[in-house]
$ cat data05.pdb   # PDB, C-alpha atoms
ATOM      1  CA  MET A   1     108.563 139.773  94.985  1.00  0.00           C
ATOM      2  CA  ASN A   2     107.377 140.403  98.574  1.00  0.00           C
ATOM      3  CA  SER A   3     105.244 143.316  97.368  1.00  0.00           C
ATOM      4  CA  HIS A   4     103.153 140.923  95.303  1.00  0.00           C
ATOM      5  CA  ILE A   5     102.192 138.819  98.324  1.00  0.00           C
ATOM      6  CA  LEU A   6      98.890 139.861  99.877  1.00  0.00           C
ATOM      7  CA  GLU A   7      98.748 140.528 103.593  1.00  0.00           C
ATOM      8  CA  ALA A   8      97.927 137.567 105.851  1.00  0.00           C
ATOM      9  CA  ARG A   9      94.454 137.936 107.319  1.00  0.00           C
ATOM     10  CA  LEU A  10      94.402 135.452 110.225  1.00  0.00           C
ATOM     11  CA  THR A  11      96.122 135.736 113.600  1.00  0.00           C
ATOM     12  CA  HIS A  12      97.920 132.799 115.207  1.00  0.00           C
ATOM     13  CA  ASP A  13      94.943 131.984 117.444  1.00  0.00           C
ATOM     14  CA  GLU A  14      92.505 132.343 114.546  1.00  0.00           C
ATOM     15  CA  ILE A  15      94.577 129.862 112.519  1.00  0.00           C
ATOM     16  CA  ILE A  16      94.348 127.281 115.305  1.00  0.00           C
ATOM     17  CA  ARG A  17      90.591 127.748 115.651  1.00  0.00           C
ATOM     18  CA  LYS A  18      90.104 127.663 111.878  1.00  0.00           C
ATOM     19  CA  TYR A  19      91.972 124.406 111.366  1.00  0.00           C
ATOM     20  CA  ASP A  20      90.303 122.796 114.363  1.00  0.00           C
ATOM     21  CA  ARG A  21      86.960 123.633 112.724  1.00  0.00           C
ATOM     22  CA  ILE A  22      87.809 122.316 109.257  1.00  0.00           C
ATOM     23  CA  ALA A  23      89.710 119.197 110.354  1.00  0.00           C
ATOM     24  CA  SER A  24      86.788 116.917 109.490  1.00  0.00           C
ATOM     25  CA  ILE A  25      86.571 118.180 105.889  1.00  0.00           C
ATOM     26  CA  TYR A  26      90.208 119.056 105.232  1.00  0.00           C
ATOM     27  CA  ASP A  27      90.870 115.899 103.220  1.00  0.00           C
ATOM     28  CA  LEU A  28      88.409 117.154 100.598  1.00  0.00           C
ATOM     29  CA  PHE A  29      90.656 120.152  99.864  1.00  0.00           C
ATOM     30  CA  GLY A  30      93.795 118.050 100.187  1.00  0.00           C
ATOM     31  CA  ILE A  31      92.670 115.585  97.549  1.00  0.00           C
ATOM     32  CA  LEU A  32      90.689 117.768  95.137  1.00  0.00           C
ATOM     33  CA  MET A  33      93.072 120.745  94.908  1.00  0.00           C
ATOM     34  CA  GLU A  34      96.414 119.776  96.448  1.00  0.00           C
ATOM     35  CA  TRP A  35      97.058 116.119  95.677  1.00  0.00           C
ATOM     36  CA  LYS A  36      99.192 116.615  92.565  1.00  0.00           C
ATOM     37  CA  ALA A  37     101.463 119.093  94.323  1.00  0.00           C
ATOM     38  CA  ARG A  38     101.709 116.881  97.403  1.00  0.00           C
ATOM     39  CA  GLN A  39     102.742 113.907  95.279  1.00  0.00           C
ATOM     40  CA  ARG A  40     105.302 115.976  93.421  1.00  0.00           C
ATOM     41  CA  ALA A  41     106.745 117.108  96.753  1.00  0.00           C
ATOM     42  CA  LEU A  42     107.165 113.497  97.841  1.00  0.00           C
ATOM     43  CA  ASN A  43     109.000 112.698  94.616  1.00  0.00           C
ATOM     44  CA  LEU A  44     111.319 115.708  94.956  1.00  0.00           C
ATOM     45  CA  ALA A  45     112.040 114.818  98.585  1.00  0.00           C
ATOM     46  CA  SER A  46     113.597 111.523  97.395  1.00  0.00           C
ATOM     47  CA  ILE A  47     113.251 109.962 100.831  1.00  0.00           C
ATOM     48  CA  HIS A  48     115.577 106.997 101.364  1.00  0.00           C
ATOM     49  CA  GLU A  49     115.125 104.107 103.782  1.00  0.00           C
ATOM     50  CA  GLY A  50     116.641 104.833 107.166  1.00  0.00           C
ATOM     51  CA  GLU A  51     116.442 108.632 107.029  1.00  0.00           C
ATOM     52  CA  ARG A  52     115.100 110.928 109.745  1.00  0.00           C
ATOM     53  CA  VAL A  53     112.229 112.998 108.359  1.00  0.00           C
ATOM     54  CA  LEU A  54     110.200 115.849 109.832  1.00  0.00           C
ATOM     55  CA  GLU A  55     106.859 117.002 108.497  1.00  0.00           C
ATOM     56  CA  VAL A  56     105.808 120.404 109.804  1.00  0.00           C
ATOM     57  CA  ALA A  57     102.051 121.104 109.776  1.00  0.00           C
ATOM     58  CA  LEU A  58     101.159 117.507 108.895  1.00  0.00           C
ATOM     59  CA  GLY A  59      97.426 118.266 109.012  1.00  0.00           C
ATOM     60  CA  THR A  60      95.351 115.093 108.755  1.00  0.00           C
ATOM     61  CA  GLY A  61      98.369 113.005 107.771  1.00  0.00           C
ATOM     62  CA  LEU A  62      97.776 112.719 104.021  1.00  0.00           C
ATOM     63  CA  ASN A  63     101.482 113.017 103.241  1.00  0.00           C
ATOM     64  CA  PHE A  64     102.691 111.598 106.532  1.00  0.00           C
ATOM     65  CA  VAL A  65     101.474 108.087 105.743  1.00  0.00           C
ATOM     66  CA  GLU A  66     103.163 108.272 102.328  1.00  0.00           C
ATOM     67  CA  ILE A  67     106.429 109.303 104.006  1.00  0.00           C
ATOM     68  CA  LEU A  68     106.157 106.307 106.348  1.00  0.00           C
ATOM     69  CA  LYS A  69     105.701 103.946 103.385  1.00  0.00           C
ATOM     70  CA  ARG A  70     108.925 105.239 101.860  1.00  0.00           C
ATOM     71  CA  ASN A  71     110.866 105.071 105.109  1.00  0.00           C
ATOM     72  CA  SER A  72     109.840 101.979 107.067  1.00  0.00           C
ATOM     73  CA  CYS A  73     113.374 101.552 108.468  1.00  0.00           C
ATOM     74  CA  GLY A  74     113.832 105.198 109.433  1.00  0.00           C
ATOM     75  CA  TRP A  75     112.015 107.590 111.734  1.00  0.00           C
ATOM     76  CA  VAL A  76     109.380 110.238 110.969  1.00  0.00           C
ATOM     77  CA  ASP A  77     108.347 113.094 113.257  1.00  0.00           C
ATOM     78  CA  GLY A  78     105.328 115.298 112.676  1.00  0.00           C
ATOM     79  CA  ILE A  79     104.076 118.500 114.268  1.00  0.00           C
ATOM     80  CA  ASP A  80     100.937 120.592 114.060  1.00  0.00           C
ATOM     81  CA  ILE A  81      99.312 123.375 116.078  1.00  0.00           C
ATOM     82  CA  SER A  82      95.781 121.961 115.704  1.00  0.00           C
ATOM     83  CA  MET A  83      94.835 119.222 118.167  1.00  0.00           C
ATOM     84  CA  LYS A  84      91.917 118.105 115.999  1.00  0.00           C
ATOM     85  CA  MET A  85      94.161 117.799 112.950  1.00  0.00           C
ATOM     86  CA  LEU A  86      96.609 115.712 114.985  1.00  0.00           C
ATOM     87  CA  ARG A  87      93.840 113.411 116.212  1.00  0.00           C
ATOM     88  CA  ARG A  88      92.679 112.724 112.676  1.00  0.00           C
ATOM     89  CA  ALA A  89      96.269 112.231 111.533  1.00  0.00           C
ATOM     90  CA  LYS A  90      96.912 109.738 114.330  1.00  0.00           C
ATOM     91  CA  LYS A  91      93.870 107.670 113.354  1.00  0.00           C
ATOM     92  CA  ARG A  92      95.020 107.593 109.718  1.00  0.00           C
ATOM     93  CA  ILE A  93      98.575 106.665 110.679  1.00  0.00           C
ATOM     94  CA  GLN A  94      97.489 103.912 113.067  1.00  0.00           C
ATOM     95  CA  ARG A  95      95.676 102.177 110.218  1.00  0.00           C
ATOM     96  CA  THR A  96      99.040 101.698 108.476  1.00  0.00           C
ATOM     97  CA  GLY A  97     100.371  99.596 111.326  1.00  0.00           C
ATOM     98  CA  LYS A  98     103.591 101.628 111.343  1.00  0.00           C
ATOM     99  CA  GLU A  99     105.184 102.542 114.660  1.00  0.00           C
ATOM    100  CA  ASN A 100     108.320 104.440 113.597  1.00  0.00           C
ATOM    101  CA  TYR A 101     106.964 107.931 114.250  1.00  0.00           C
ATOM    102  CA  THR A 102     106.187 110.553 116.872  1.00  0.00           C
ATOM    103  CA  LEU A 103     103.606 113.341 116.715  1.00  0.00           C
ATOM    104  CA  TYR A 104     103.872 116.657 118.551  1.00  0.00           C
ATOM    105  CA  LEU A 105     101.420 119.458 119.277  1.00  0.00           C
ATOM    106  CA  CYS A 106     103.666 122.507 118.960  1.00  0.00           C
ATOM    107  CA  ASP A 107     104.458 125.682 117.050  1.00  0.00           C
ATOM    108  CA  CYS A 108     106.922 125.583 114.166  1.00  0.00           C
ATOM    109  CA  ARG A 109     108.659 128.692 115.473  1.00  0.00           C
ATOM    110  CA  HIS A 110     110.229 126.649 118.268  1.00  0.00           C
ATOM    111  CA  LEU A 111     110.869 123.085 117.131  1.00  0.00           C
ATOM    112  CA  PRO A 112     111.588 120.595 119.950  1.00  0.00           C
ATOM    113  CA  PHE A 113     114.624 119.079 118.228  1.00  0.00           C
ATOM    114  CA  GLU A 114     118.398 119.409 118.403  1.00  0.00           C
ATOM    115  CA  ASP A 115     120.431 121.134 115.697  1.00  0.00           C
ATOM    116  CA  GLY A 116     121.150 118.981 112.646  1.00  0.00           C
ATOM    117  CA  THR A 117     118.596 116.262 113.439  1.00  0.00           C
ATOM    118  CA  PHE A 118     116.858 115.663 110.103  1.00  0.00           C
ATOM    119  CA  ASP A 119     117.782 114.505 106.617  1.00  0.00           C
ATOM    120  CA  VAL A 120     114.526 115.857 105.164  1.00  0.00           C
ATOM    121  CA  LEU A 121     112.027 118.503 106.262  1.00  0.00           C
ATOM    122  CA  MET A 122     108.678 118.729 104.493  1.00  0.00           C
ATOM    123  CA  ASN A 123     105.984 121.358 104.891  1.00  0.00           C
ATOM    124  CA  GLN A 124     102.754 121.760 102.936  1.00  0.00           C
ATOM    125  CA  TYR A 125     100.410 124.748 102.749  1.00  0.00           C
ATOM    126  CA  MET A 126     101.554 126.706 105.797  1.00  0.00           C
ATOM    127  CA  PHE A 127     103.483 129.772 104.645  1.00  0.00           C
ATOM    128  CA  ASP A 128     100.484 130.799 102.541  1.00  0.00           C
ATOM    129  CA  ILE A 129      98.543 131.603 105.734  1.00  0.00           C
ATOM    130  CA  LEU A 130     101.408 133.295 107.623  1.00  0.00           C
ATOM    131  CA  PRO A 131     102.585 136.929 107.624  1.00  0.00           C
ATOM    132  CA  VAL A 132     105.568 137.533 105.347  1.00  0.00           C
ATOM    133  CA  GLU A 133     107.613 138.810 108.294  1.00  0.00           C
ATOM    134  CA  ASP A 134     107.420 135.299 109.798  1.00  0.00           C
ATOM    135  CA  PHE A 135     108.934 133.586 106.746  1.00  0.00           C
ATOM    136  CA  VAL A 136     112.631 134.110 107.480  1.00  0.00           C
ATOM    137  CA  PRO A 137     112.531 133.313 111.239  1.00  0.00           C
ATOM    138  CA  ILE A 138     110.608 130.097 110.594  1.00  0.00           C
ATOM    139  CA  LEU A 139     112.834 129.054 107.703  1.00  0.00           C
ATOM    140  CA  GLU A 140     115.872 129.711 109.901  1.00  0.00           C
ATOM    141  CA  GLU A 141     114.390 127.330 112.464  1.00  0.00           C
ATOM    142  CA  PHE A 142     113.808 124.748 109.729  1.00  0.00           C
ATOM    143  CA  LYS A 143     117.398 125.152 108.608  1.00  0.00           C
ATOM    144  CA  ARG A 144     118.657 124.741 112.165  1.00  0.00           C
ATOM    145  CA  VAL A 145     117.177 121.250 112.593  1.00  0.00           C
ATOM    146  CA  LEU A 146     118.356 120.021 109.175  1.00  0.00           C
ATOM    147  CA  LYS A 147     121.616 118.134 108.806  1.00  0.00           C
ATOM    148  CA  ARG A 148     124.274 119.551 106.513  1.00  0.00           C
ATOM    149  CA  GLY A 149     123.304 118.332 103.063  1.00  0.00           C
ATOM    150  CA  GLY A 150     119.696 117.929 104.216  1.00  0.00           C
ATOM    151  CA  ARG A 151     116.843 118.903 101.958  1.00  0.00           C
ATOM    152  CA  ILE A 152     113.785 121.026 102.512  1.00  0.00           C
ATOM    153  CA  VAL A 153     110.607 120.639 100.421  1.00  0.00           C
ATOM    154  CA  LEU A 154     107.850 123.230 100.686  1.00  0.00           C
ATOM    155  CA  VAL A 155     104.423 123.356  99.049  1.00  0.00           C
ATOM    156  CA  ASN A 156     102.213 126.432  99.091  1.00  0.00           C
ATOM    157  CA  MET A 157      99.423 128.158  97.297  1.00  0.00           C
ATOM    158  CA  THR A 158     101.059 130.526  94.830  1.00  0.00           C
ATOM    159  CA  LYS A 159     100.027 132.779  91.970  1.00  0.00           C
ATOM    160  CA  GLY A 160      99.294 131.651  88.427  1.00  0.00           C
ATOM    161  CA  GLU A 161      99.025 133.535  85.156  1.00  0.00           C
ATOM    162  CA  LYS A 162      95.855 131.888  83.847  1.00  0.00           C
ATOM    163  CA  TRP A 163      92.483 133.327  84.762  1.00  0.00           C
ATOM    164  CA  LEU A 164      91.414 130.099  86.481  1.00  0.00           C
ATOM    165  CA  ASN A 165      94.438 130.293  88.790  1.00  0.00           C
ATOM    166  CA  GLN A 166      93.698 133.912  89.609  1.00  0.00           C
ATOM    167  CA  ILE A 167      90.156 133.150  90.753  1.00  0.00           C
ATOM    168  CA  TYR A 168      91.482 131.765  94.029  1.00  0.00           C
ATOM    169  CA  GLU A 169      93.359 134.960  94.814  1.00  0.00           C
ATOM    170  CA  GLU A 170      90.196 136.973  94.163  1.00  0.00           C
ATOM    171  CA  ILE A 171      88.258 134.676  96.498  1.00  0.00           C
ATOM    172  CA  TYR A 172      90.846 135.376  99.193  1.00  0.00           C
ATOM    173  CA  LYS A 173      90.464 139.126  98.732  1.00  0.00           C
ATOM    174  CA  LEU A 174      86.699 138.873  99.112  1.00  0.00           C
ATOM    175  CA  LYS A 175      86.395 136.198 101.820  1.00  0.00           C
ATOM    176  CA  PRO A 176      89.618 134.664 103.213  1.00  0.00           C
ATOM    177  CA  PRO A 177      87.856 131.951 105.290  1.00  0.00           C
ATOM    178  CA  LEU A 178      86.694 130.214 102.091  1.00  0.00           C
ATOM    179  CA  LEU A 179      90.339 129.322 101.414  1.00  0.00           C
ATOM    180  CA  ALA A 180      91.171 128.705 105.081  1.00  0.00           C
ATOM    181  CA  GLY A 181      93.128 131.945 105.041  1.00  0.00           C
ATOM    182  CA  CYS A 182      95.463 130.896 102.199  1.00  0.00           C
ATOM    183  CA  ARG A 183      96.776 133.307  99.541  1.00  0.00           C
ATOM    184  CA  GLY A 184      99.432 133.075  96.859  1.00  0.00           C
ATOM    185  CA  VAL A 185     103.061 133.278  98.024  1.00  0.00           C
ATOM    186  CA  PHE A 186     106.585 132.731  96.693  1.00  0.00           C
ATOM    187  CA  VAL A 187     109.038 131.121  99.129  1.00  0.00           C
ATOM    188  CA  GLN A 188     112.062 130.671  96.873  1.00  0.00           C
ATOM    189  CA  PRO A 189     113.488 134.184  97.512  1.00  0.00           C
ATOM    190  CA  PHE A 190     113.357 133.576 101.259  1.00  0.00           C
ATOM    191  CA  LEU A 191     115.181 130.253 100.961  1.00  0.00           C
ATOM    192  CA  GLU A 192     117.852 132.005  98.932  1.00  0.00           C
ATOM    193  CA  LYS A 193     118.095 134.781 101.521  1.00  0.00           C
ATOM    194  CA  ILE A 194     119.003 132.410 104.365  1.00  0.00           C
ATOM    195  CA  GLY A 195     121.486 130.383 102.359  1.00  0.00           C
ATOM    196  CA  PHE A 196     119.739 127.323 100.953  1.00  0.00           C
ATOM    197  CA  LYS A 197     121.341 126.153  97.706  1.00  0.00           C
ATOM    198  CA  GLU A 198     120.419 124.253  94.534  1.00  0.00           C
ATOM    199  CA  ILE A 199     116.858 125.524  94.832  1.00  0.00           C
ATOM    200  CA  GLU A 200     114.272 124.225  92.372  1.00  0.00           C
ATOM    201  CA  ARG A 201     110.716 125.521  91.986  1.00  0.00           C
ATOM    202  CA  GLU A 202     107.848 123.914  90.091  1.00  0.00           C
ATOM    203  CA  PHE A 203     104.343 125.212  89.426  1.00  0.00           C
ATOM    204  CA  VAL A 204     101.446 122.762  89.767  1.00  0.00           C
ATOM    205  CA  SER A 205      97.781 123.456  89.015  1.00  0.00           C
ATOM    206  CA  GLN A 206      94.870 121.233  90.039  1.00  0.00           C
ATOM    207  CA  LEU A 207      91.306 122.356  89.325  1.00  0.00           C
ATOM    208  CA  GLY A 208      92.929 125.711  88.703  1.00  0.00           C
ATOM    209  CA  PHE A 209      94.289 125.863  92.266  1.00  0.00           C
ATOM    210  CA  PRO A 210      97.873 127.131  91.888  1.00  0.00           C
ATOM    211  CA  SER A 211     100.623 125.539  93.985  1.00  0.00           C
ATOM    212  CA  GLU A 212     104.385 125.857  94.075  1.00  0.00           C
ATOM    213  CA  VAL A 213     106.690 123.003  95.059  1.00  0.00           C
ATOM    214  CA  VAL A 214     110.116 124.225  96.143  1.00  0.00           C
ATOM    215  CA  ARG A 215     113.161 122.153  97.110  1.00  0.00           C
ATOM    216  CA  GLY A 216     116.462 123.372  98.522  1.00  0.00           C
ATOM    217  CA  PHE A 217     119.560 121.966 100.202  1.00  0.00           C
ATOM    218  CA  LYS A 218     121.348 123.012 103.371  1.00  0.00           C
ATOM    219  CA  ILE A 219     124.943 123.118 102.200  1.00  0.00           C
ATOM    220  CA  SER A 220     126.433 124.844 105.259  1.00  0.00           C
ATOM    221  CA  ASP A 221     125.418 125.895 108.772  1.00  0.00           C
TER
END

$ encode --input "data05.pdb" --output "structure tokens"
Amino acid sequence: MNSHILEARLTHDEIIRKYDRIASIYDLFGILMEWKARQRALNLASIHEGERVLEVALGTGLNFVEILKRNSCGWVDGIDISMKMLRRAKKRIQRTGKENYTLYLCDCRHLPFEDGTFDVLMNQYMFDILPVEDFVPILEEFKRVLKRGGRIVLVNMTKGEKWLNQIYEEIYKLKPPLLAGCRGVFVQPFLEKIGFKEIEREFVSQLGFPSEVVRGFKISD
């Protein structure tokens, strides 16, 4: 399935600059094209009160505030590599009045947490901008910080069979910046490769924008 994933077109530094630039309008994409998949991810995460949750690449905090609502007695950590995204997320989160969270400016390749810290790890629309060779190392890092029995929920742009879904992939081929560098990916095979179990994958389309929502469990270290 790797051969069907187009090559990533943005470097690490270009990704940071890109998301700093689009931070002020990112919610438009998040609501118009991603909201259904984001909501489905929250449902599949099945967050319980009192759990420790990590959101990687929280962006402007669209999902982060929803996680806080579901976990007012627990703790939620969030990371992002874009300072401007984090600033917007912090403003959104502060309006909730919640205080059971911490935000970090850092790279997901080296998470600042001990092994087995989290019950749930969520990540939306990140692997679809990264090189395929980064998938396994990053997922291994995600697995490291999850508790045994912990669950991972990932959302990404993927590929769809209908012509409307395929338009987005063609846009990427012609001009990647129009999709913030995102292209269709499949993460399930990589979760399987590093030992996640009970993996479920769902396809979600909104305005023709194709997303996958994938959940897996860390059964063993």

$ residues_around --input "data05.pdb" --residues "Asp13 of chain A" --least-positions-apart "3" --cutoff "12 Å" --atoms "only C-alpha atoms" --output "list in words"
Arg9, Leu10, Ile16, Arg17, Lys18, Tyr19, Asp20, Ile81, Ser82, Asp107 and Leu130 of chain A

$ residues_near_point --input "data05.pdb" --point "(118.7, 126.2, 109.5)" --cutoff "12 Å" --atoms "all atoms listed in the file" --output "ChimeraX atom specification"
/A:109,111,113-118,120-121,136-152,191,193-196,216-221

$ resolve_selection --input "data05.pdb" --expression "the PyMOL selection byres ((chain A and resi 209) around 7)" --output "PyMOL selection string"
chain A and resi 33+165+168+205-208+210-211

$ resolve_selection --input "data05.pdb" --expression "the PyMOL selection byres ((chain A and resi 214) around 10)" --output "PDB file with C-alpha atoms, keeping the file's coordinate frame"
ATOM      1  CA  ARG A  40     105.302 115.976  93.421  1.00  0.00           C
ATOM      2  CA  ALA A  41     106.745 117.108  96.753  1.00  0.00           C
ATOM      3  CA  LEU A  44     111.319 115.708  94.956  1.00  0.00           C
ATOM      4  CA  ALA A  45     112.040 114.818  98.585  1.00  0.00           C
ATOM      5  CA  ILE A 152     113.785 121.026 102.512  1.00  0.00           C
ATOM      6  CA  VAL A 153     110.607 120.639 100.421  1.00  0.00           C
ATOM      7  CA  LEU A 154     107.850 123.230 100.686  1.00  0.00           C
ATOM      8  CA  VAL A 155     104.423 123.356  99.049  1.00  0.00           C
ATOM      9  CA  ASN A 156     102.213 126.432  99.091  1.00  0.00           C
ATOM     10  CA  PHE A 186     106.585 132.731  96.693  1.00  0.00           C
ATOM     11  CA  VAL A 187     109.038 131.121  99.129  1.00  0.00           C
ATOM     12  CA  GLN A 188     112.062 130.671  96.873  1.00  0.00           C
ATOM     13  CA  LEU A 191     115.181 130.253 100.961  1.00  0.00           C
ATOM     14  CA  ILE A 199     116.858 125.524  94.832  1.00  0.00           C
ATOM     15  CA  GLU A 200     114.272 124.225  92.372  1.00  0.00           C
ATOM     16  CA  ARG A 201     110.716 125.521  91.986  1.00  0.00           C
ATOM     17  CA  GLU A 202     107.848 123.914  90.091  1.00  0.00           C
ATOM     18  CA  PHE A 203     104.343 125.212  89.426  1.00  0.00           C
ATOM     19  CA  SER A 211     100.623 125.539  93.985  1.00  0.00           C
ATOM     20  CA  GLU A 212     104.385 125.857  94.075  1.00  0.00           C
ATOM     21  CA  VAL A 213     106.690 123.003  95.059  1.00  0.00           C
ATOM     22  CA  ARG A 215     113.161 122.153  97.110  1.00  0.00           C
ATOM     23  CA  GLY A 216     116.462 123.372  98.522  1.00  0.00           C
TER      24      GLY A 216
END

$ closest_residue --input "data05.pdb" --among "A:Lys84, A:Arg38, A:Lys69, A:Lys98" --to "Tyr125 of chain A" --atoms "all atoms listed in the file"
A:Arg38

$ closest_residue --input "data05.pdb" --among "A:Gln124, A:Arg21, A:Ala8, A:Leu32" --to "Gly59 of chain A" --atoms "all atoms listed in the file"
A:Gln124

$ residues_around --input "data05.pdb" --residues "segment 104-106 of chain A" --least-positions-apart "6" --cutoff "7 Å" --atoms "all atoms listed in the file" --output "list in words"
Gly78, Ile79, Asp80, Ile81 and Met83 of chain A

$ resolve_selection --input "data05.pdb" --expression "the PyMOL selection byres ((chain A and resi 101) around 10)" --output "list in words"
Arg52, Val53, Leu54, Phe64, Leu68, Ser72, Gly74, Trp75, Val76, Asp77, Gly78, Ile93, Lys98, Glu99, Asn100, Thr102 and Leu103 of chain A

$ closest_residue --input "data05.pdb" --among "A:Cys108, A:Met122, A:Val65, A:Cys73" --to "Ser46 of chain A" --atoms "only C-alpha atoms"
A:Met122

$ axis_aligned_box --input "data05.pdb" --around "segment 59-66 of chain A" --padding-each-side "3 Å" --output "lines of an AutoDock Vina configuration file"
center_x = 99.3
center_y = 113.2
center_z = 105.7
size_x = 13.8
size_y = 16.2
size_z = 12.7

$ atom_distance --input "data05.pdb" --atom1 "atom CA of Glu169 of chain A" --atom2 "atom CA of Leu42 of chain A"
25.7 Å

$ atom_distance --input "data05.pdb" --atom1 "atom CA of Ser24 of chain A" --atom2 "atom CA of Leu62 of chain A"
13.0 Å

$ atom_distance --input "data05.pdb" --atom1 "atom CA of Thr60 of chain A" --atom2 "atom CA of Val185 of chain A"
22.5 Å

$ closest_residue --input "data05.pdb" --among "A:Leu6, A:Asp119, A:Phe29, A:Trp35" --to "Glu49 of chain A" --atoms "all atoms listed in the file"
A:Asp119

$ residues_near_point --input "data05.pdb" --point "(98.5, 137.1, 90.1)" --cutoff "6 Å" --atoms "all atoms listed in the file" --output "list in words"
Lys159, Gly160 and Gln166 of chain A

$ residues_around --input "data05.pdb" --residues "Asn71 of chain A" --least-positions-apart "4" --cutoff "7 Å" --atoms "all atoms listed in the file" --output "list in words"
Ile47, His48, Glu49, Gly50, Glu51 and Ile67 of chain A
